[in-house]
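**Q** Here's a structure for you.
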Amino acid sequence: MDVWFHCEITYPFVPQEVLDRADSVRGTLPNKYCDPVIAAQLFEETLDEFMLCDDVDINVVAIEHHAGINSLLGANPLLLGILARQMRKVRILSLGTLITLRPDPVRIAEEYATADVISRGRLEIGYVKSGNTEMASNNVSAIDNGERYWEAIDLITKTLTSHEGPFSWEGKHFTHRHVNIWPRPYQQPHPRMWCATGDPSTAAEVGRRGMVNVLVLRGPEGTKQAFAANRTARATAGLPPSTTDTFGYAALVAVGDTDEEGIQLGDKLLWFLNTSLKSAPQFGKFLAGTIPPEAAPSVYRTKPPASANPKPGFVAPSSANAASLIGITVTQAMQRGILFAGNPESVYQQIMKFYETVGGFGHLIMIGRSGFMTHAETVKSINLFAKHVSPRLREIGPVIAGLGQ
């Protein structure tokens with residue numbers, strides 16, 4: 001199993017009274033509350049944490065979000081360029097440039113190819129659908145977001161793999177008369193591609209395309225069902241059986257010398273869920289196209305309980321799942337499989353229990369810093385994980401996925 005460190009560079013230093021009266025901390029909170037001196041320090045600390053990961057053989061994840069305190073990383077290609085040049089050993093996963101917010105997928109392919117060349121073939125490309133507030137703040141419609149998403153992926157893939165001169169693209173959402181990027185990617189035919197999904201229907205499309213399927217904070221039941229849909233679709237498409245290397249899971253991870261210390265750090269990580277997920281109702285529920293028609297009644301009228309899914313086998317839509325995480329406690333987060341916290345042995349056992357429950361996965365993305373967690377606490381957690389947990393996880397090789405279910 002490969003391990004990847006992930007930090008969104010959240011900005012928690014906004015007065016609580018401002019947060020209490022704000023209609024949203026994503027999309028509408030004025031950026032006058034962001035002190036660039038503090039932001040510079042956060043970037044410096046996080047880049048140092050990434051460099052530490054290069055020293056201790058933990059891969060890293062570069063993400064992108066817009067217009068909110070949940071992340072200062074609004075320019076994924078810029079971060080990729082820094083990491084590609086400064087890091088020397090580990091792999092870099094872009095998870096990723098929000099492709100449906102950008103008007104030209106060819107330019108995104110150019111950025112990926114350049115980062116792959118600079119890193120000498122250590123880039124992994126991950127795709128994520130844009131969030132509700134991000135579509136609003138970038139003046140993009142959510143109604144055809146899915147169509148644009150898959151077409152952009154197809155155009156990026158063709159751009160990275162076409163080496164015999166210009167081609168033209170006449171799609172439903174993108175038109176490009178002359179595509180011929182320089183440089184071409186270092187890896188052939190292209191860097192491995194990932195897709196972050198939350199629902200079985202999207203996971204099935206990822207399976208048909210043979211991409212790595214990563215679930216983020218979905219818990220055991222949602223992850224298990226999405227992975228199963230992926231495996232079924234992959235088999236129907238005539239691809240070889242899925243191995244665990246085609247699946248990943250992202251969760252909050254905090255490691256201390258003792259269970260008590262690790263859980264205290266985990267409580268700090270929960271700032272990401274309890275504060276930065278709050279968005280205005282018009283973004284979360286009423287933005288046209290953000291919720292499938294069949295799920296709309298339950299999302300509009302109810303809020304799923306934070307403690308667990310309403311009944312065994314039920315999987316909430318992604319938006320409802322995110323809403324149910326607001327206000328969650330450490331105990332609830334650990335029970336739901338979205339937080340692994342404690343001493344190194346406890347964290348390892350929690351990860352392996354989840355691994356067995358969902359039928360296996362080959363990539364763990366550890367969301368290792370958020371909220372008021374300090375740089376020193378993050379460094380300690382990374383070092384403890386790298387010394388006591390990573391070596392044991394790396395011993396788990398790829399196997400046919402789902403056999404243990």
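Naming scheme: A, B, ... for chains in displayed order of the structure tokens; residues 1 onward per chain; ligands 1 onward as shown.
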Just the residues within 12 Å of Asp35 of chain A, please, counting only C-alpha atoms, with nothing from its chain fewer than 3 positions along; format it as an MDAnalysis selection string.

**A** chainID A and resid 11:14 30:32 38:42 69 72

**Q** As a count of residues only, please: the residues near Gly121 of chain A (cut-off 12 Å, only C-alpha atoms, same-chain neighbours under 3 positions excluded).

**A** 26

**Q** Within segment 82-226 of chain A, find each residue whose DSSP state, derived from the backbone, is alpha helix (DSSP H), and express the selection as an MDAnalysis selection string.

**A** chainID A and resid 82:86 105:118 132:137 145:161 200:209 219:226

**Q** Save out the residues we just selected, C-alpha atoms, as a PDB file, in the first residue's frame.

**A**
ATOM      1  CA  ILE A  82       7.322  23.925  -6.953  1.00  0.00           C
ATOM      2  CA  LEU A  83       7.003  20.311  -5.833  1.00  0.00           C
ATOM      3  CA  ALA A  84       8.236  18.903  -9.153  1.00  0.00           C
ATOM      4  CA  ARG A  85      11.449  20.933  -8.899  1.00  0.00           C
ATOM      5  CA  GLN A  86      12.134  20.733  -5.160  1.00  0.00           C
ATOM      6  CA  PRO A 105      -8.413  21.575 -21.122  1.00  0.00           C
ATOM      7  CA  VAL A 106      -5.481  21.716 -23.568  1.00  0.00           C
ATOM      8  CA  ARG A 107      -3.776  24.306 -21.373  1.00  0.00           C
ATOM      9  CA  ILE A 108      -4.290  21.985 -18.387  1.00  0.00           C
ATOM     10  CA  ALA A 109      -2.649  19.149 -20.345  1.00  0.00           C
ATOM     11  CA  GLU A 110       0.307  21.457 -21.074  1.00  0.00           C
ATOM     12  CA  GLU A 111       0.669  22.198 -17.365  1.00  0.00           C
ATOM     13  CA  TYR A 112       0.555  18.509 -16.475  1.00  0.00           C
ATOM     14  CA  ALA A 113       3.076  17.574 -19.156  1.00  0.00           C
ATOM     15  CA  THR A 114       5.457  20.301 -18.021  1.00  0.00           C
ATOM     16  CA  ALA A 115       5.252  19.219 -14.363  1.00  0.00           C
ATOM     17  CA  ASP A 116       5.798  15.588 -15.375  1.00  0.00           C
ATOM     18  CA  VAL A 117       8.938  16.525 -17.330  1.00  0.00           C
ATOM     19  CA  ILE A 118      10.320  18.720 -14.540  1.00  0.00           C
ATOM     20  CA  ASN A 132     -20.970  23.952  -5.510  1.00  0.00           C
ATOM     21  CA  THR A 133     -19.536  27.262  -4.305  1.00  0.00           C
ATOM     22  CA  GLU A 134     -16.621  26.982  -6.710  1.00  0.00           C
ATOM     23  CA  MET A 135     -18.936  26.673  -9.687  1.00  0.00           C
ATOM     24  CA  ALA A 136     -20.825  29.757  -8.547  1.00  0.00           C
ATOM     25  CA  SER A 137     -17.689  31.810  -7.897  1.00  0.00           C
ATOM     26  CA  ASN A 145     -20.892  19.710 -15.063  1.00  0.00           C
ATOM     27  CA  GLY A 146     -20.676  15.936 -15.492  1.00  0.00           C
ATOM     28  CA  GLU A 147     -20.627  16.123 -19.281  1.00  0.00           C
ATOM     29  CA  ARG A 148     -17.917  18.786 -19.274  1.00  0.00           C
ATOM     30  CA  TYR A 149     -15.941  16.769 -16.737  1.00  0.00           C
ATOM     31  CA  TRP A 150     -15.674  13.588 -18.808  1.00  0.00           C
ATOM     32  CA  GLU A 151     -15.162  15.444 -22.089  1.00  0.00           C
ATOM     33  CA  ALA A 152     -12.333  17.478 -20.539  1.00  0.00           C
ATOM     34  CA  ILE A 153     -10.690  14.248 -19.333  1.00  0.00           C
ATOM     35  CA  ASP A 154     -10.970  12.767 -22.827  1.00  0.00           C
ATOM     36  CA  LEU A 155      -9.456  15.875 -24.414  1.00  0.00           C
ATOM     37  CA  ILE A 156      -6.611  16.025 -21.869  1.00  0.00           C
ATOM     38  CA  THR A 157      -5.858  12.335 -22.430  1.00  0.00           C
ATOM     39  CA  LYS A 158      -5.757  12.713 -26.206  1.00  0.00           C
ATOM     40  CA  THR A 159      -3.598  15.825 -25.895  1.00  0.00           C
ATOM     41  CA  LEU A 160      -1.052  13.993 -23.731  1.00  0.00           C
ATOM     42  CA  THR A 161      -0.899  10.950 -26.024  1.00  0.00           C
ATOM     43  CA  PRO A 200     -21.429   4.416  -7.155  1.00  0.00           C
ATOM     44  CA  SER A 201     -22.576   5.773 -10.544  1.00  0.00           C
ATOM     45  CA  THR A 202     -19.451   7.887 -10.964  1.00  0.00           C
ATOM     46  CA  ALA A 203     -17.259   5.118  -9.566  1.00  0.00           C
ATOM     47  CA  ALA A 204     -18.641   2.824 -12.273  1.00  0.00           C
ATOM     48  CA  GLU A 205     -17.518   5.241 -15.002  1.00  0.00           C
ATOM     49  CA  VAL A 206     -14.065   5.373 -13.390  1.00  0.00           C
ATOM     50  CA  GLY A 207     -13.977   1.569 -13.537  1.00  0.00           C
ATOM     51  CA  ARG A 208     -14.903   1.514 -17.224  1.00  0.00           C
ATOM     52  CA  ARG A 209     -12.048   3.904 -17.908  1.00  0.00           C
ATOM     53  CA  GLY A 219     -16.862   5.800   5.389  1.00  0.00           C
ATOM     54  CA  PRO A 220     -16.993   2.008   4.986  1.00  0.00           C
ATOM     55  CA  GLU A 221     -20.460   1.545   3.486  1.00  0.00           C
ATOM     56  CA  GLY A 222     -20.218   4.275   0.845  1.00  0.00           C
ATOM     57  CA  THR A 223     -16.669   3.239  -0.049  1.00  0.00           C
ATOM     58  CA  LYS A 224     -17.577  -0.444  -0.248  1.00  0.00           C
ATOM     59  CA  GLN A 225     -20.512   0.199  -2.584  1.00  0.00           C
ATOM     60  CA  ALA A 226     -18.536   2.562  -4.822  1.00  0.00           C
TER      61      ALA A 226
END

**Q** From the options A:Val60, A:Ala401, A:Leu239, A:Ala341, which residue's atoms come nearest to Leu270 of chain A, counting only C-alpha atoms?

**A**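 Of A:Val60, A:Ala401, A:Leu239, A:Ala341, the one nearest Leu270 of chain A is A:Ala341, counting only C-alpha atoms.
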
**Q** For Pro166 of chain A, find every residue with an atom within 9 Å (counting only C-alpha atoms), except residues of its own chain fewer than 6 positions away, and show them as a ChimeraX atom specification.

**A** /A:177-181

**Q** Print the selection's residues with C-alpha atoms to a file, as a CSV table (one decimal), in the first residue's frame.

**A**
chain,number,residue,atom,x,y,z
A,177,ARG,CA,-8.7,23.6,-33.8
A,178,HIS,CA,-5.0,23.0,-33.3
A,179,VAL,CA,-3.6,20.8,-30.5
A,180,ASN,CA,0.1,20.0,-30.5
A,181,ILE,CA,1.7,20.5,-27.1

**Q** Any idea what's packed within 7 Å of Gly368 of chain A, counting only C-alpha atoms, ignoring anything in its chain fewer than 4 positions away? Could you give it as a ChimeraX atom specification?

**A** /A:5-7,252-254,378

**Q** Can you tell me which residues surround Leu339 of chain A at a distance of at most 10 Å, considering only C-alpha atoms, apart from same-chain residues fewer than 6 positions away, and format the answer as a count of residues only?

**A** 21

**Q** Enumerate, as a list in words, the complete set of residues in segment 21-115 of chain A that a backbone-based DSSP assignment places in strand (DSSP E).

**A**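 These are the residues in question: Asn59, Val60, Val61, Ala62, Ile92, Leu93, Ser94 and Leu95 of chain A.
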